[in-house]
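A short write-up of the structure that comes next.
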Protein chains: 2
Amino acid sequence: MKTVGIGILGLGTIGAELARIILENAPRIREYYGLDLVIRKIYVRDLHKKRAIDTGSLPLTDQADEVVSSDNIQVICECMGGSGTEVTYPLVKKALELGKRVVMSSKKVLAHHGMELLELSRKNKAVLCYDATVGGGIPIEKVVENSFYYQQISKISGILNGTSNFICSSMSLKHQSFNDALKEAQKRGYAENDPSDDIDSYDALYKAEVLALCCMERIFDLASVTPRTIRGIRNIDFDLLADEGYTIKPIISMEIKGDDLSYIFGPAVVSITENPCSGIDYNNNIITVVGSRSGELSFSGQGAGKGPTASVMFDDLLNTLLYRNSSVLYNGVKPFQKLSEDNRALYIHLKVDDKPGEIAEIASILSRLEINIDKFVTRGKTGGSYDAFLFISKTDNIDRESLTKALKKHHVRILSMIPIVLD
Amino acid sequence: MKTVGIGILGLGTIGAELARIILENAPRIREYYGLDLVIRKIYVRDLHKKRAIDTGSLPLTDQADEVVSSDNIQVICECMGGSGTEVTYPLVKKALELGKRVVMSSKKVLAHHGMELLELSRKNKAVLCYDATVGGGIPIEKVVENSFYYQQISKISGILNGTSNFICSSMSLKHQSFNDALKEAQKRGYAENDPSDDIDSYDALYKAEVLALCCMERIFDLASVTPRTIRGIRNIDFDLLADEGYTIKPIISMEIKGDDLSYIFGPAVVSITENPCSGIDYNNNIITVVGSRSGELSFSGQGAGKGPTASVMFDDLLNTLLYRNSSVLYNGVKPFQKLSEDNRALYIHLKVDDKPGEIAEIASILSRLEINIDKFVTRGKTGGSYDAFLFISKTDNIDRESLTKALKKHHVRILSMIPIVLD
């Protein structure tokens, strides 16, 4: 029998569920694997706060350093979700410097410091598992760890944010307004009081950075990418697009071209019949990886929730004790060189004045920029204006800035401008 | 540097591709992992046959026993696809008795002898990996091996046969006839000359048995289950169903109720918007697993093909050398007790005589059997008959035999009778 000392950082929803799962399964793990899992210390900020789990017999402490540094703790489970990067990052770093096995859940910390933390874990013969940082219950890190050996991964795409997907699905399928959909997401606990990180796609951006690291040993400079928000999408967009066989999904897409990255982070127009994201609704996530030998593989499931997330951490915990002695990093992490948003095709919703020559003028603006109009639809001719919807494309990327400037110069109001996923 | 002797059984499409991947990556594996992978022997039936790979420098032998028994071979890769169970089974068994690591691809052998082979590998401290037996490039065995620790898996469903899915998709999306779709599948190499195993769903049944073993440590008696064929489905079925928001997919579904199994093996009517199978077309596969903590997780990708399948075997090979020292079998395999087909809801296509009272008579037959008519649609009233389509249900299972007998007694021609997936 080998005793394994476990320290848990944080006892919120995920931490409490993880503690519960460990306690519930400890007897079976003792019997089957000869491992005695003992929770030695649990860090909480407030020792007296009421929790989702009976804390009477739990070894709580309000000294996080004690958990990380204890000699009799070999595995650290980081469930600090709510806490800031500045609190969580030094704790994880310290644990890895001490050669511990760390099971992480904070995506923002990993997105900002992943390269350093992975190098650190290699140097100190520590192990860093982080399957819970991306895709909730989808075991994407473990899949990549145990499959895709020496494969070139050329593309990663999917839906990584359940909140914005819930809002888009509610707008599309239940014809709710953006505000009503957001309120319902908040009521159900899918969105926070300040939902900016989710709906402005920063949460998905952090997860995309983790995926780039995990699947491709690549990173991009977070500061040089501005993700796009789902604010401003209207029900009329969903209705119009549905008639044309499309919908809008809050996606991430990273396509690797040599050392460069072509990306979409935020809402995108996708084909209902062709794109695997289109069938993934509400708070579900999907991750699609294209490998040189495997072809396209997709993994979908609940993108959040205490059950799926804590479960993935529990699996990480067992794998690191049973199988894994290293963190995957074959060649060291290489940053991408050039970053460019994929704007080869755009869907544009315009408000156009109802007077002769307007469409001709818009067409000639596009023509001067060498942009093709693939489809043009109008709706709602009332008062002095109407809605115009354009599907436009170019053989290379459309310069959104020049286009916006040219349209604005002509006093055309742009309501949305969303990339269309081509492949 | 540790030398690992590899033996390959079979040098068809998969075997040749696997050999190619091993040879291509050996230098990098030597450098990174300190493992020297050496292909010692390759068994082929015919030493002089022309192959997909240059065999000049390969250690071919026509003595399979030599490969399995050689002292300097530690890992056996079984790529005997075309050969019968009676040839492959004793070779795998022998290898496990000798304590070797075996990477398998033959689903039929595993479906028939899986319990014995897994027990054998445990007893002899051998390892059995078999990710290539189900779902082509989808790494389902590795996912289950490294996730789902101590979770109750209550349901497994999906599309496991690319041939029949290709035919159903071609009929549905390209309006091809069954025969034309089958011919195209054969032309593309997706279907064999005798396609019975695929289109009569035996191939999917074997894979379902492997999944039951892998995910639930359960087996069912293969002989007591008759899968249903996709023969006899017509284009009019796809057209009618599409209008109602459904399609037909060749699925497997296993729902566990205590010690009993409720199953569907063969064509089923699924909701286009709700069922994850509906978006999986042509030769793609999907596997959905419902876990007590993870909820519903789906994995999809190419269900066959040399690249994905050989890739999954190569990953198995590396995992068994780097991480895995056991085959998963926690509690030993328990057979299911009662097996019953899920017939709670059926779609029926009838040919009905165009004379007064016919529908009333059919309705009263169903009523006597306590079956509800949820929907009733007619089409194509020409000559003396027309097509009638019924969506029927019961709170428990419908007795298909009694229903068929009762309808036949009334001289109603039944063209199809297909279960509808409810959840």
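Chain lettering (A, B, ...) mirrors the order of the structure tokens, residue numbering begins at 1 for each chain separately, and ligand numbering begins at 1 in order of display.
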Using only C-alpha atoms, find each residue in chain B having at least one atom no more than 8 Å away from chain A; report its shortest atom-to-atom pair and that distance in Å (one decimal), rows by chain then rising number, as JSON lines.
{"residue": "B:Asn25", "atom": "CA", "partner": "A:Tyr150", "partner_atom": "CA", "distance": 7.5}
{"residue": "B:Tyr32", "atom": "CA", "partner": "A:Tyr330", "partner_atom": "CA", "distance": 7.3}
{"residue": "B:Gly137", "atom": "CA", "partner": "A:Ser294", "partner_atom": "CA", "distance": 5.5}
{"residue": "B:Ile138", "atom": "CA", "partner": "A:Leu297", "partner_atom": "CA", "distance": 6.9}
{"residue": "B:Pro139", "atom": "CA", "partner": "A:Ser147", "partner_atom": "CA", "distance": 7.1}
{"residue": "B:Lys142", "atom": "CA", "partner": "A:Asn146", "partner_atom": "CA", "distance": 7.1}
{"residue": "B:Val143", "atom": "CA", "partner": "A:Val143", "partner_atom": "CA", "distance": 6.4}
{"residue": "B:Asn146", "atom": "CA", "partner": "A:Asn319", "partner_atom": "CA", "distance": 6.6}
{"residue": "B:Ser147", "atom": "CA", "partner": "A:Asp315", "partner_atom": "CA", "distance": 5.4}
{"residue": "B:Phe148", "atom": "CA", "partner": "A:Asp315", "partner_atom": "CA", "distance": 7.0}
{"residue": "B:Tyr149", "atom": "CA", "partner": "A:Asp315", "partner_atom": "CA", "distance": 6.2}
{"residue": "B:Tyr150", "atom": "CA", "partner": "A:Asn25", "partner_atom": "CA", "distance": 7.5}
{"residue": "B:Thr273", "atom": "CA", "partner": "A:Gly279", "partner_atom": "CA", "distance": 7.1}
{"residue": "B:Pro276", "atom": "CA", "partner": "A:Gly279", "partner_atom": "CA", "distance": 7.5}
{"residue": "B:Gly279", "atom": "CA", "partner": "A:Thr273", "partner_atom": "CA", "distance": 7.2}
{"residue": "B:Arg293", "atom": "CA", "partner": "A:Gly307", "partner_atom": "CA", "distance": 4.9}
{"residue": "B:Ser294", "atom": "CA", "partner": "A:Pro308", "partner_atom": "CA", "distance": 4.1}
{"residue": "B:Gly295", "atom": "CA", "partner": "A:Pro308", "partner_atom": "CA", "distance": 6.8}
{"residue": "B:Glu296", "atom": "CA", "partner": "A:Gly301", "partner_atom": "CA", "distance": 5.8}
{"residue": "B:Leu297", "atom": "CA", "partner": "A:Gly301", "partner_atom": "CA", "distance": 4.5}
{"residue": "B:Ser298", "atom": "CA", "partner": "A:Ser300", "partner_atom": "CA", "distance": 5.0}
{"residue": "B:Phe299", "atom": "CA", "partner": "A:Phe299", "partner_atom": "CA", "distance": 4.6}
{"residue": "B:Ser300", "atom": "CA", "partner": "A:Ser298", "partner_atom": "CA", "distance": 5.1}
{"residue": "B:Gly301", "atom": "CA", "partner": "A:Leu297", "partner_atom": "CA", "distance": 4.5}
{"residue": "B:Gln302", "atom": "CA", "partner": "A:Gly295", "partner_atom": "CA", "distance": 7.0}
{"residue": "B:Gly307", "atom": "CA", "partner": "A:Arg293", "partner_atom": "CA", "distance": 4.9}
{"residue": "B:Pro308", "atom": "CA", "partner": "A:Ser294", "partner_atom": "CA", "distance": 4.2}
{"residue": "B:Thr309", "atom": "CA", "partner": "A:Ser294", "partner_atom": "CA", "distance": 7.8}
{"residue": "B:Ser311", "atom": "CA", "partner": "A:Arg293", "partner_atom": "CA", "distance": 6.2}
{"residue": "B:Val312", "atom": "CA", "partner": "A:Ser147", "partner_atom": "CA", "distance": 7.1}
{"residue": "B:Phe314", "atom": "CA", "partner": "A:Tyr149", "partner_atom": "CA", "distance": 7.9}
{"residue": "B:Asp315", "atom": "CA", "partner": "A:Ser147", "partner_atom": "CA", "distance": 5.4}
{"residue": "B:Asn319", "atom": "CA", "partner": "A:Asn146", "partner_atom": "CA", "distance": 6.6}
{"residue": "B:Tyr323", "atom": "CA", "partner": "A:Tyr323", "partner_atom": "CA", "distance": 5.1}
{"residue": "B:Arg324", "atom": "CA", "partner": "A:Tyr323", "partner_atom": "CA", "distance": 6.8}
{"residue": "B:Tyr330", "atom": "CA", "partner": "A:Tyr32", "partner_atom": "CA", "distance": 7.3}
Just the residues within 10 Å of Ile373 (chain B), please, counting only C-alpha atoms, with nothing from its chain fewer than 5 positions along; format it as a PDB file with C-alpha atoms, in the first residue's frame.
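After the write, part-v9.pdb holds the following:
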ATOM      1  CA  ALA B 345     -41.553   3.451 -30.784  1.00  0.00           C
ATOM      2  CA  LEU B 346     -41.639   2.270 -34.387  1.00  0.00           C
ATOM      3  CA  ALA B 363     -56.197   1.498 -36.450  1.00  0.00           C
ATOM      4  CA  LEU B 366     -53.147  -1.358 -33.337  1.00  0.00           C
ATOM      5  CA  SER B 367     -55.721  -0.430 -30.747  1.00  0.00           C
ATOM      6  CA  LEU B 390     -47.137   5.250 -39.220  1.00  0.00           C
ATOM      7  CA  PHE B 391     -45.287   6.509 -36.178  1.00  0.00           C
ATOM      8  CA  ILE B 392     -46.450   4.295 -33.332  1.00  0.00           C
ATOM      9  CA  SER B 393     -45.511   3.879 -29.691  1.00  0.00           C
ATOM     10  CA  LYS B 394     -46.318   2.059 -26.495  1.00  0.00           C
TER      11      LYS B 394
END
Margin query: From a backbone DSSP assignment, name each residue in region 24-155 of chain B labelled alpha helix (DSSP H), as number ranges by chain.
Written below: B: 24-33, 64-69, 85-97, 107-123, 140-146
What lies within 8 Å of Cys214 (chain B) using only C-alpha atoms, ignoring chain neighbours under 4 positions off, as a PDB file with N, CA and C atoms, in the first residue's frame?
ATOM      1  N   GLU B 141     -10.983   3.374 -27.100  1.00  0.00           N
ATOM      2  CA  GLU B 141     -10.469   2.523 -26.023  1.00  0.00           C
ATOM      3  C   GLU B 141      -9.534   3.322 -25.128  1.00  0.00           C
ATOM      4  N   VAL B 144     -11.518   5.605 -22.838  1.00  0.00           N
ATOM      5  CA  VAL B 144     -12.131   4.882 -21.726  1.00  0.00           C
ATOM      6  C   VAL B 144     -11.066   4.442 -20.722  1.00  0.00           C
ATOM      7  N   VAL B 210     -17.554  -5.281 -28.450  1.00  0.00           N
ATOM      8  CA  VAL B 210     -16.252  -4.791 -27.980  1.00  0.00           C
ATOM      9  C   VAL B 210     -16.445  -3.559 -27.083  1.00  0.00           C
ATOM     10  N   ARG B 218     -18.875  -5.666 -19.645  1.00  0.00           N
ATOM     11  CA  ARG B 218     -20.060  -6.489 -19.818  1.00  0.00           C
ATOM     12  C   ARG B 218     -19.980  -7.166 -21.175  1.00  0.00           C
ATOM     13  N   VAL B 328      -7.313  -3.021 -18.979  1.00  0.00           N
ATOM     14  CA  VAL B 328      -8.335  -2.609 -18.023  1.00  0.00           C
ATOM     15  C   VAL B 328      -9.347  -3.719 -17.801  1.00  0.00           C
TER      16      VAL B 328
END
Checklist line | Residue list (strand (DSSP E), DSSP) for region 86-265 of chain A, as number ranges by chain | finding: A: 101-103, 127-129, 153-159, 218-219, 246-257, 260-265
The selected residues should be written to file as a short mmCIF file (atom, residue, chain, number, x, y, z; two decimals), in the first residue's frame (atoms: N, CA and C atoms).
data_model
loop_
_atom_site.label_atom_id
_atom_site.label_comp_id
_atom_site.auth_asym_id
_atom_site.auth_seq_id
_atom_site.Cartn_x
_atom_site.Cartn_y
_atom_site.Cartn_z
N ARG A 101 3.11 16.77 -8.45
CA ARG A 101 2.17 16.53 -9.53
C ARG A 101 1.03 17.50 -9.36
N VAL A 102 0.73 18.27 -10.40
CA VAL A 102 -0.29 19.31 -10.30
C VAL A 102 -1.41 19.04 -11.29
N VAL A 103 -2.64 19.02 -10.78
CA VAL A 103 -3.82 18.90 -11.62
C VAL A 103 -4.50 20.27 -11.62
N VAL A 127 4.85 16.94 -12.76
CA VAL A 127 3.86 16.63 -13.80
C VAL A 127 2.76 17.68 -13.74
N LEU A 128 2.38 18.18 -14.92
CA LEU A 128 1.29 19.14 -14.99
C LEU A 128 0.17 18.56 -15.84
N CYS A 129 -0.99 18.32 -15.23
CA CYS A 129 -2.17 17.87 -15.97
C CYS A 129 -3.17 19.01 -15.97
N ILE A 153 -0.65 18.36 -36.59
CA ILE A 153 -2.02 18.85 -36.42
C ILE A 153 -2.13 20.17 -37.15
N SER A 154 -2.98 20.19 -38.17
CA SER A 154 -3.02 21.35 -39.05
C SER A 154 -4.14 22.31 -38.69
N LYS A 155 -5.12 21.84 -37.91
CA LYS A 155 -6.25 22.71 -37.60
C LYS A 155 -6.94 22.27 -36.31
N ILE A 156 -7.31 23.25 -35.51
CA ILE A 156 -8.11 23.00 -34.31
C ILE A 156 -9.26 23.97 -34.36
N SER A 157 -10.48 23.46 -34.16
CA SER A 157 -11.61 24.38 -34.16
C SER A 157 -12.67 23.86 -33.21
N GLY A 158 -13.69 24.67 -32.98
CA GLY A 158 -14.76 24.20 -32.11
C GLY A 158 -15.46 25.30 -31.35
N ILE A 159 -16.28 24.87 -30.42
CA ILE A 159 -17.00 25.78 -29.53
C ILE A 159 -16.47 25.52 -28.13
N ARG A 218 2.58 25.04 -29.57
CA ARG A 218 2.68 26.38 -30.13
C ARG A 218 1.98 27.35 -29.21
N ILE A 219 2.39 28.59 -29.19
CA ILE A 219 1.60 29.63 -28.53
C ILE A 219 1.54 30.85 -29.44
N TYR A 246 -27.55 28.50 -42.91
CA TYR A 246 -26.44 28.82 -42.01
C TYR A 246 -26.93 29.14 -40.60
N THR A 247 -26.01 29.16 -39.65
CA THR A 247 -26.31 29.71 -38.34
C THR A 247 -25.05 30.40 -37.82
N ILE A 248 -25.18 31.08 -36.68
CA ILE A 248 -24.01 31.73 -36.08
C ILE A 248 -23.61 30.95 -34.83
N LYS A 249 -22.33 30.63 -34.72
CA LYS A 249 -21.82 29.93 -33.55
C LYS A 249 -20.60 30.68 -33.00
N PRO A 250 -20.43 30.71 -31.68
CA PRO A 250 -19.25 31.34 -31.09
C PRO A 250 -18.10 30.35 -31.12
N ILE A 251 -17.22 30.50 -32.08
CA ILE A 251 -16.23 29.45 -32.31
C ILE A 251 -14.80 29.91 -32.04
N ILE A 252 -13.91 28.95 -32.02
CA ILE A 252 -12.50 29.23 -32.19
C ILE A 252 -12.06 28.42 -33.39
N SER A 253 -11.18 28.96 -34.17
CA SER A 253 -10.63 28.23 -35.31
C SER A 253 -9.18 28.64 -35.46
N MET A 254 -8.29 27.65 -35.45
CA MET A 254 -6.86 27.93 -35.61
C MET A 254 -6.33 27.03 -36.70
N GLU A 255 -5.89 27.64 -37.78
CA GLU A 255 -5.37 26.87 -38.90
C GLU A 255 -3.90 27.22 -39.05
N ILE A 256 -3.07 26.19 -39.10
CA ILE A 256 -1.63 26.39 -39.09
C ILE A 256 -1.11 26.36 -40.52
N LYS A 257 -0.39 27.41 -40.89
CA LYS A 257 0.20 27.46 -42.22
C LYS A 257 1.68 27.74 -42.05
N ASP A 260 2.82 30.22 -39.40
CA ASP A 260 1.82 31.27 -39.21
C ASP A 260 0.48 30.68 -38.77
N LEU A 261 -0.33 31.56 -38.18
CA LEU A 261 -1.63 31.12 -37.68
C LEU A 261 -2.73 31.97 -38.30
N SER A 262 -3.73 31.29 -38.87
CA SER A 262 -4.93 31.97 -39.36
C SER A 262 -6.04 31.61 -38.39
N TYR A 263 -6.69 32.61 -37.81
CA TYR A 263 -7.62 32.32 -36.71
C TYR A 263 -8.98 32.99 -36.84
N ILE A 264 -9.95 32.43 -36.13
CA ILE A 264 -11.22 33.12 -35.82
C ILE A 264 -11.46 32.89 -34.33
N PHE A 265 -11.67 33.95 -33.58
CA PHE A 265 -12.06 33.84 -32.16
C PHE A 265 -13.31 34.69 -31.96
#
Margin query: Applying 10 Å and only C-alpha atoms, which residues near Lys93 (chain B) remain after dropping the ones on its own chain fewer than 6 positions away? List them as a PyMOL selection string.
Written below: chain B and resi 68+99+102+113+116-118+120-121
Within 12 Å of Ser364 (chain A) using only C-alpha atoms, minus same-chain residues under 5 positions, as a short mmCIF file (atom, residue, chain, number, x, y, z; two decimals) with C-alpha atoms, in the first residue's frame:
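Written out: result.cif:
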data_model
loop_
_atom_site.label_atom_id
_atom_site.label_comp_id
_atom_site.auth_asym_id
_atom_site.auth_seq_id
_atom_site.Cartn_x
_atom_site.Cartn_y
_atom_site.Cartn_z
CA GLY A 357 -28.51 54.06 -56.46
CA GLU A 358 -27.71 52.90 -52.91
CA ILE A 359 -27.07 49.28 -53.82
CA LEU A 369 -11.75 46.67 -52.98
CA GLU A 370 -11.84 43.60 -55.27
CA ILE A 371 -14.43 41.91 -53.06
CA ASN A 372 -16.99 39.54 -54.63
CA ILE A 373 -20.65 39.65 -53.67
CA LEU A 403 -14.08 48.07 -45.96
CA ALA A 406 -15.33 52.94 -47.17
CA LEU A 407 -18.87 51.97 -46.15
CA HIS A 410 -20.88 56.52 -47.68
#
Item checked: All residues 7 Å or closer to region 75-92 of chain B, only C-alpha atoms, same chain fewer than 5 positions away omitted, as a list in words -> Gly5, Ile6, Gly7, Ile8, Leu9, Gly10, Ile14, Gly15, Val68, Lys100, Arg101, Val102, Val103, Met104, Ser105, Ser106, Lys108 and Val109 of chain B
Take the residues from that selection and write them out as a PDB file, in the first residue's frame, keeping C-alpha atoms.
ATOM      1  CA  GLY B   5      11.272  -6.243 -30.990  1.00  0.00           C
ATOM      2  CA  ILE B   6       8.062  -5.904 -33.003  1.00  0.00           C
ATOM      3  CA  GLY B   7       6.234  -8.608 -34.919  1.00  0.00           C
ATOM      4  CA  ILE B   8       3.500  -7.775 -37.400  1.00  0.00           C
ATOM      5  CA  LEU B   9       0.850 -10.292 -38.370  1.00  0.00           C
ATOM      6  CA  GLY B  10      -0.455  -9.427 -41.852  1.00  0.00           C
ATOM      7  CA  ILE B  14      -3.346  -1.623 -42.500  1.00  0.00           C
ATOM      8  CA  GLY B  15      -0.256  -3.747 -41.821  1.00  0.00           C
ATOM      9  CA  VAL B  68       4.305 -14.967 -32.106  1.00  0.00           C
ATOM     10  CA  LYS B 100       3.530 -10.338 -24.935  1.00  0.00           C
ATOM     11  CA  ARG B 101       2.046  -6.944 -25.586  1.00  0.00           C
ATOM     12  CA  VAL B 102      -0.565  -7.327 -28.300  1.00  0.00           C
ATOM     13  CA  VAL B 103      -2.035  -4.530 -30.420  1.00  0.00           C
ATOM     14  CA  MET B 104      -5.150  -5.941 -32.072  1.00  0.00           C
ATOM     15  CA  SER B 105      -7.311  -4.859 -34.985  1.00  0.00           C
ATOM     16  CA  SER B 106      -9.682  -7.800 -35.601  1.00  0.00           C
ATOM     17  CA  LYS B 108     -14.660 -10.261 -34.795  1.00  0.00           C
ATOM     18  CA  VAL B 109     -12.028 -12.159 -32.807  1.00  0.00           C
TER      19      VAL B 109
END
Item checked: Å distance separating CA of Gly384 (chain A) from CA of Ser177 (chain A), one decimal place -> 24.6 Å
